file structure15.pdb (PDB, C-alpha atoms, pLDDT in the B column)
ATOM      1  CA  MET O   1      28.672  44.980  -0.268  1.00 59.00           C
ATOM      2  CA  ASN O   2      30.555  43.279  -3.056  1.00 69.00           C
ATOM      3  CA  ASN O   3      28.439  42.717  -6.218  1.00 68.00           C
ATOM      4  CA  ASN O   4      29.734  39.159  -6.601  1.00 69.00           C
ATOM      5  CA  LEU O   5      28.698  38.371  -3.031  1.00 63.00           C
ATOM      6  CA  LEU O   6      25.268  39.883  -3.616  1.00 60.00           C
ATOM      7  CA  ILE O   7      24.828  37.832  -6.790  1.00 67.00           C
ATOM      8  CA  GLN O   8      25.872  34.693  -4.870  1.00 62.00           C
ATOM      9  CA  ILE O   9      23.323  35.413  -2.137  1.00 62.00           C
ATOM     10  CA  ILE O  10      20.549  36.045  -4.685  1.00 61.00           C
ATOM     11  CA  LYS O  11      21.400  32.794  -6.494  1.00 57.00           C
ATOM     12  CA  TYR O  12      21.337  30.910  -3.193  1.00 52.00           C
ATOM     13  CA  LEU O  13      17.977  32.426  -2.222  1.00 51.00           C
ATOM     14  CA  PHE O  14      16.527  31.699  -5.656  1.00 51.00           C
ATOM     15  CA  ALA O  15      17.690  28.063  -5.516  1.00 47.00           C
ATOM     16  CA  SER O  16      16.312  27.681  -1.990  1.00 48.00           C
ATOM     17  CA  ILE O  17      12.940  29.129  -2.964  1.00 50.00           C
ATOM     18  CA  LEU O  18      12.807  26.931  -6.058  1.00 42.00           C
ATOM     19  CA  ILE O  19      13.502  23.802  -4.021  1.00 48.00           C
ATOM     20  CA  LEU O  20      10.921  24.812  -1.432  1.00 42.00           C
ATOM     21  CA  ILE O  21       8.270  25.412  -4.080  1.00 45.00           C
ATOM     22  CA  THR O  22       8.876  22.148  -5.921  1.00 40.00           C
ATOM     23  CA  THR O  23       8.819  20.059  -2.759  1.00 39.00           C
ATOM     24  CA  SER O  24       5.726  21.770  -1.385  1.00 40.00           C
ATOM     25  CA  PHE O  25       3.740  21.172  -4.567  1.00 38.00           C
ATOM     26  CA  ALA O  26       4.995  17.652  -5.136  1.00 39.00           C
ATOM     27  CA  GLN O  27       2.306  15.187  -4.206  1.00 40.00           C
ATOM     28  CA  SER O  28       2.959  11.582  -3.550  1.00 50.00           C
ATOM     29  CA  GLU O  29       0.679   9.140  -5.239  1.00 86.00           C
ATOM     30  CA  ARG O  30      -0.402   7.452  -2.025  1.00 85.00           C
ATOM     31  CA  TYR O  31      -3.950   6.794  -3.181  1.00 88.00           C
ATOM     32  CA  THR O  32      -5.476   4.826  -6.015  1.00 87.00           C
ATOM     33  CA  LYS O  33      -9.220   5.182  -6.423  1.00 84.00           C
ATOM     34  CA  ASP O  34      -9.337   6.845  -2.964  1.00 80.00           C
ATOM     35  CA  ALA O  35      -7.665   3.858  -1.272  1.00 83.00           C
ATOM     36  CA  GLU O  36      -4.199   3.818   0.273  1.00 87.00           C
ATOM     37  CA  ASN O  37      -1.729   2.047  -1.977  1.00 92.00           C
ATOM     38  CA  GLY O  38       1.827   0.728  -1.915  1.00 93.00           C
ATOM     39  CA  TYR O  39       3.328   4.192  -1.662  1.00 93.00           C
ATOM     40  CA  MET O  40       1.444   4.679   1.604  1.00 90.00           C
ATOM     41  CA  TRP O  41       2.528   1.212   2.745  1.00 92.00           C
ATOM     42  CA  LEU O  42       6.182   2.075   2.161  1.00 90.00           C
ATOM     43  CA  ALA O  43       5.749   5.452   3.844  1.00 86.00           C
ATOM     44  CA  MET O  44       4.781   3.636   7.048  1.00 85.00           C
ATOM     45  CA  ASP O  45       8.449   2.586   7.273  1.00 83.00           C
ATOM     46  CA  ASP O  46       9.797   6.141   7.110  1.00 74.00           C
ATOM     47  CA  PRO O  47      11.280   6.933  10.542  1.00 71.00           C
ATOM     48  CA  ASN O  48      11.064  10.674   9.806  1.00 69.00           C
ATOM     49  CA  LEU O  49       7.291  10.651   9.537  1.00 60.00           C
ATOM     50  CA  MET O  50       4.910  10.336  12.421  1.00 56.00           C
ATOM     51  CA  TYR O  51       2.315   7.651  11.867  1.00 54.00           C
ATOM     52  CA  ASN O  52      -0.080   6.519  14.524  1.00 51.00           C
ATOM     53  CA  LEU O  53      -0.690   3.301  12.621  1.00 56.00           C
ATOM     54  CA  SER O  54       1.827   0.594  12.118  1.00 82.00           C
ATOM     55  CA  LYS O  55       1.416  -1.893   9.310  1.00 88.00           C
ATOM     56  CA  GLU O  56       0.101  -4.459  11.789  1.00 86.00           C
ATOM     57  CA  ASN O  57      -2.460  -1.998  13.161  1.00 83.00           C
ATOM     58  CA  TYR O  58      -3.499  -1.038   9.652  1.00 83.00           C
ATOM     59  CA  LEU O  59      -4.093  -4.667   8.690  1.00 86.00           C
ATOM     60  CA  GLY O  60      -5.737  -5.348  12.039  1.00 82.00           C
ATOM     61  CA  SER O  61      -8.263  -2.627  11.299  1.00 81.00           C
ATOM     62  CA  ILE O  62      -9.082  -4.308   7.986  1.00 73.00           C
ATOM     63  CA  LEU O  63      -9.629  -7.614   9.769  1.00 74.00           C
ATOM     64  CA  ASP O  64     -11.713  -6.068  12.541  1.00 78.00           C
ATOM     65  CA  ARG O  65     -13.987  -4.258  10.109  1.00 72.00           C
ATOM     66  CA  PHE O  66     -14.382  -7.433   8.087  1.00 67.00           C
ATOM     67  CA  ARG O  67     -15.142  -9.541  11.160  1.00 69.00           C
ATOM     68  CA  LEU O  68     -17.435  -7.055  12.904  1.00 71.00           C
ATOM     69  CA  THR O  69     -19.376  -5.661   9.973  1.00 66.00           C
ATOM     70  CA  GLY O  70     -19.116  -8.380   7.356  1.00 60.00           C
ATOM     71  CA  GLU O  71     -18.147  -5.575   4.988  1.00 59.00           C
ATOM     72  CA  LYS O  72     -16.599  -6.907   1.826  1.00 55.00           C
ATOM     73  CA  TYR O  73     -12.917  -6.181   1.358  1.00 51.00           C
ATOM     74  CA  PRO O  74     -12.644  -4.976  -1.245  1.00 57.00           C
ATOM     75  CA  LYS O  75     -16.163  -3.936  -2.124  1.00 61.00           C
ATOM     76  CA  ILE O  76     -15.812  -5.092  -5.728  1.00 68.00           C
ATOM     77  CA  GLU O  77     -17.001  -8.690  -5.499  1.00 71.00           C
ATOM     78  CA  SER O  78     -14.840  -9.993  -8.345  1.00 75.00           C
ATOM     79  CA  LEU O  79     -11.714  -8.715  -6.562  1.00 86.00           C
ATOM     80  CA  SER O  80     -12.747  -9.877  -3.111  1.00 84.00           C
ATOM     81  CA  CYS O  81     -10.920 -12.479  -1.069  1.00 87.00           C
ATOM     82  CA  ARG O  82     -13.852 -13.464   1.135  1.00 83.00           C
ATOM     83  CA  GLU O  83     -13.855 -17.043  -0.157  1.00 90.00           C
ATOM     84  CA  ASP O  84     -10.112 -17.331   0.469  1.00 92.00           C
ATOM     85  CA  ILE O  85     -10.494 -16.039   4.020  1.00 87.00           C
ATOM     86  CA  ASP O  86     -13.317 -18.514   4.606  1.00 89.00           C
ATOM     87  CA  LYS O  87     -11.166 -21.291   3.129  1.00 92.00           C
ATOM     88  CA  LEU O  88      -8.295 -20.510   5.499  1.00 91.00           C
ATOM     89  CA  PHE O  89     -10.684 -20.613   8.464  1.00 89.00           C
ATOM     90  CA  SER O  90     -12.545 -23.748   7.382  1.00 92.00           C
ATOM     91  CA  GLU O  91      -9.323 -25.658   6.747  1.00 91.00           C
ATOM     92  CA  GLY O  92      -7.848 -24.519  10.053  1.00 90.00           C
ATOM     93  CA  LYS O  93      -4.978 -22.780   8.275  1.00 88.00           C
ATOM     94  CA  SER O  94      -5.682 -19.345   9.704  1.00 85.00           C
ATOM     95  CA  ASP O  95      -3.708 -20.217  12.834  1.00 88.00           C
ATOM     96  CA  GLU O  96      -0.653 -21.026  10.719  1.00 91.00           C
ATOM     97  CA  TYR O  97      -0.144 -17.385   9.770  1.00 92.00           C
ATOM     98  CA  ALA O  98       0.550 -14.451  12.040  1.00 90.00           C
ATOM     99  CA  LEU O  99      -0.104 -10.838  11.138  1.00 87.00           C
ATOM    100  CA  GLU O 100       3.662 -10.488  10.818  1.00 90.00           C
ATOM    101  CA  ASP O 101       3.593 -13.095   8.018  1.00 94.00           C
ATOM    102  CA  VAL O 102       0.976 -11.052   6.171  1.00 93.00           C
ATOM    103  CA  VAL O 103       3.059  -7.888   6.609  1.00 93.00           C
ATOM    104  CA  ASN O 104       6.155  -9.661   5.274  1.00 95.00           C
ATOM    105  CA  GLU O 105       4.259 -10.930   2.218  1.00 97.00           C
ATOM    106  CA  ILE O 106       2.832  -7.495   1.496  1.00 97.00           C
ATOM    107  CA  ASN O 107       6.341  -6.043   1.832  1.00 96.00           C
ATOM    108  CA  ARG O 108       7.484  -8.554  -0.804  1.00 97.00           C
ATOM    109  CA  PHE O 109       4.496  -7.677  -2.975  1.00 98.00           C
ATOM    110  CA  TYR O 110       5.355  -3.979  -2.890  1.00 97.00           C
ATOM    111  CA  SER O 111       9.044  -4.629  -3.533  1.00 97.00           C
ATOM    112  CA  GLN O 112       8.036  -4.633  -7.221  1.00 96.00           C
ATOM    113  CA  ASP O 113       7.600  -1.041  -8.330  1.00 95.00           C
ATOM    114  CA  SER O 114       4.788  -1.980 -10.719  1.00 94.00           C
ATOM    115  CA  ASN O 115       2.689  -3.052  -7.721  1.00 96.00           C
ATOM    116  CA  LEU O 116       2.927   0.248  -5.841  1.00 96.00           C
ATOM    117  CA  VAL O 117      -0.243   1.669  -7.406  1.00 95.00           C
ATOM    118  CA  ILE O 118      -2.271  -1.273  -6.108  1.00 95.00           C
ATOM    119  CA  PRO O 119      -4.349  -0.420  -3.025  1.00 91.00           C
ATOM    120  CA  ILE O 120      -3.242  -2.114   0.178  1.00 92.00           C
ATOM    121  CA  VAL O 121      -6.511  -3.999   0.506  1.00 89.00           C
ATOM    122  CA  PHE O 122      -5.805  -5.737  -2.817  1.00 93.00           C
ATOM    123  CA  ALA O 123      -2.247  -6.553  -1.740  1.00 95.00           C
ATOM    124  CA  TYR O 124      -3.799  -8.023   1.404  1.00 92.00           C
ATOM    125  CA  CYS O 125      -6.203 -10.116  -0.702  1.00 92.00           C
ATOM    126  CA  TYR O 126      -3.335 -11.222  -2.938  1.00 96.00           C
ATOM    127  CA  THR O 127      -1.516 -12.430   0.172  1.00 96.00           C
ATOM    128  CA  ILE O 128      -4.586 -14.203   1.535  1.00 94.00           C
ATOM    129  CA  LYS O 129      -5.101 -15.921  -1.812  1.00 95.00           C
ATOM    130  CA  LYS O 130      -1.462 -17.022  -1.740  1.00 96.00           C
ATOM    131  CA  PHE O 131      -1.832 -18.413   1.781  1.00 96.00           C
ATOM    132  CA  ALA O 132      -5.049 -20.164   0.746  1.00 95.00           C
ATOM    133  CA  GLY O 133      -3.156 -22.056  -1.935  1.00 95.00           C
ATOM    134  CA  ALA O 134      -3.765 -20.083  -5.128  1.00 96.00           C
ATOM    135  CA  SER O 135      -1.414 -21.049  -7.945  1.00 97.00           C
ATOM    136  CA  THR O 136       1.073 -18.619  -9.436  1.00 97.00           C
ATOM    137  CA  ASN O 137      -1.143 -18.380 -12.511  1.00 97.00           C
ATOM    138  CA  GLU O 138      -4.211 -17.568 -10.371  1.00 97.00           C
ATOM    139  CA  LEU O 139      -2.231 -14.928  -8.456  1.00 97.00           C
ATOM    140  CA  ASN O 140      -1.017 -13.352 -11.695  1.00 97.00           C
ATOM    141  CA  GLU O 141      -4.570 -13.285 -13.081  1.00 96.00           C
ATOM    142  CA  TYR O 142      -5.836 -11.678  -9.878  1.00 96.00           C
ATOM    143  CA  LYS O 143      -3.100  -9.036  -9.986  1.00 96.00           C
ATOM    144  CA  GLU O 144      -3.874  -8.344 -13.654  1.00 96.00           C
ATOM    145  CA  LYS O 145      -7.574  -7.790 -12.824  1.00 94.00           C
ATOM    146  CA  VAL O 146      -6.590  -5.442 -10.006  1.00 95.00           C
ATOM    147  CA  LEU O 147      -4.268  -3.449 -12.263  1.00 94.00           C
ATOM    148  CA  ILE O 148      -7.017  -3.133 -14.871  1.00 93.00           C
ATOM    149  CA  PHE O 149      -9.377  -1.868 -12.156  1.00 91.00           C
ATOM    150  CA  CYS O 150      -6.736   0.602 -10.910  1.00 90.00           C
ATOM    151  CA  ASN O 151      -6.237   2.014 -14.388  1.00 88.00           C
ATOM    152  CA  GLU O 152      -9.913   2.394 -15.305  1.00 82.00           C
TER     153      GLU O 152
END
call {"tool": "encode", "arguments": {"input": "structure15.pdb", "output": "structure tokens"}}
result
Amino acid sequence: MNNNLLIQIIKYLFASILILITTSFAQSERYTKDAENGYMWLAMDDPNLMYNLSKENYLGSILDRFRLTGEKYPKIESLSCREDIDKLFSEGKSDEYALEDVVNEINRFYSQDSNLVIPIVFAYCYTIKKFAGASTNELNEYKEKVLIFCNE
């Protein structure tokens, strides 16, 4: 066998192994404080990955757990959106928004790279606060509190 061909094959094998090693050890940052974040949300759109949950199903599970158990979402009271959810229901505004509207708002939220580390439940609360009539200043303050929590 020609030495140049052998060197070419070795280089190709080395490059292939190097690529395989770097991709196998690369971890996505799909969790913040053990909660799925914007990276996970975006991954739900990847047609090459098999997910048994769509974005609507994921959000539906949040709503079902909230409705059935009364569990706070999120569990940190100062970052909760319970009052905003109650406000939407009491004012009859909850029927104005479909789950698709929530998904679209969360998609917009995660279109900013700086928001990707924020857990999905907080993006959901941000959206609920927006639907409940929170001002831009209130939304920015909420997001700032969430980012501080995420970076603690």
call {"tool": "closest_residue", "arguments": {"input": "structure15.pdb", "among": "O:Val102, O:Trp41, O:Ser111, O:Ala132", "to": "Ser90 of chain O", "atoms": "all atoms listed in the file"}}
result
O:Ala132
call {"tool": "atom_distance", "arguments": {"input": "structure15.pdb", "atom1": "atom CA of Leu139 of chain O", "atom2": "atom CA of Ser54 of chain O"}}
result
26.1 Å
call {"tool": "residues_around", "arguments": {"input": "structure15.pdb", "residues": "Ile106 of chain O", "least_positions_apart": "6", "cutoff": "12 Å", "atoms": "all atoms listed in the file", "output": "list in words"}}
result
Asn37, Gly38, Trp41, Leu42, Lys55, Glu56, Leu59, Leu99, Glu100, Gln112, Asn115, Leu116, Ile118, Pro119, Ile120, Val121, Phe122, Ala123, Tyr124, Cys125, Tyr126, Thr127, Ile128, Lys130 and Phe131 of chain O
call {"tool": "atom_distance", "arguments": {"input": "structure15.pdb", "atom1": "atom CA of Tyr58 of chain O", "atom2": "atom CA of Asn137 of chain O"}}
result
28.2 Å
call {"tool": "atom_distance", "arguments": {"input": "structure15.pdb", "atom1": "atom CA of Gly60 of chain O", "atom2": "atom CA of Leu88 of chain O"}}
result
16.7 Å
call {"tool": "residues_around", "arguments": {"input": "structure15.pdb", "residues": "Phe149 of chain O", "least_positions_apart": "3", "cutoff": "12 Å", "atoms": "all atoms listed in the file", "output": "PDB file with C-alpha atoms, keeping the file's coordinate frame"}}
result
ATOM      1  CA  THR O  32      -5.476   4.826  -6.015  1.00 87.00           C
ATOM      2  CA  LYS O  33      -9.220   5.182  -6.423  1.00 84.00           C
ATOM      3  CA  PRO O  74     -12.644  -4.976  -1.245  1.00 57.00           C
ATOM      4  CA  ILE O  76     -15.812  -5.092  -5.728  1.00 68.00           C
ATOM      5  CA  SER O  78     -14.840  -9.993  -8.345  1.00 75.00           C
ATOM      6  CA  LEU O  79     -11.714  -8.715  -6.562  1.00 86.00           C
ATOM      7  CA  VAL O 117      -0.243   1.669  -7.406  1.00 95.00           C
ATOM      8  CA  ILE O 118      -2.271  -1.273  -6.108  1.00 95.00           C
ATOM      9  CA  PRO O 119      -4.349  -0.420  -3.025  1.00 91.00           C
ATOM     10  CA  PHE O 122      -5.805  -5.737  -2.817  1.00 93.00           C
ATOM     11  CA  TYR O 142      -5.836 -11.678  -9.878  1.00 96.00           C
ATOM     12  CA  LYS O 143      -3.100  -9.036  -9.986  1.00 96.00           C
ATOM     13  CA  GLU O 144      -3.874  -8.344 -13.654  1.00 96.00           C
ATOM     14  CA  LYS O 145      -7.574  -7.790 -12.824  1.00 94.00           C
ATOM     15  CA  VAL O 146      -6.590  -5.442 -10.006  1.00 95.00           C
ATOM     16  CA  GLU O 152      -9.913   2.394 -15.305  1.00 82.00           C
TER      17      GLU O 152
END
call {"tool": "residues_around", "arguments": {"input": "structure15.pdb", "residues": "Asp84 of chain O", "least_positions_apart": "2", "cutoff": "6 Å", "atoms": "all atoms listed in the file", "output": "ChimeraX atom specification"}}
result
/O:81-82,86-87,129,132
call {"tool": "residues_around", "arguments": {"input": "structure15.pdb", "residues": "Arg30 of chain O", "least_positions_apart": "6", "cutoff": "6 Å", "atoms": "only C-alpha atoms", "output": "PyMOL selection string"}}
result
chain O and resi 36-37+39-40
call {"tool": "closest_residue", "arguments": {"input": "structure15.pdb", "among": "O:Phe109, O:Ser135, O:Glu96, O:Val103", "to": "Asp45 of chain O", "atoms": "only C-alpha atoms"}}
result
O:Val103
call {"tool": "axis_aligned_box", "arguments": {"input": "structure15.pdb", "around": "segment 120-134 of chain O", "padding_each_side": "6 Å", "output": "lines of an AutoDock Vina configuration file"}}
result
center_x = -4.0
center_y = -12.1
center_z = -1.7
size_x = 17.0
size_y = 31.9
size_z = 18.9
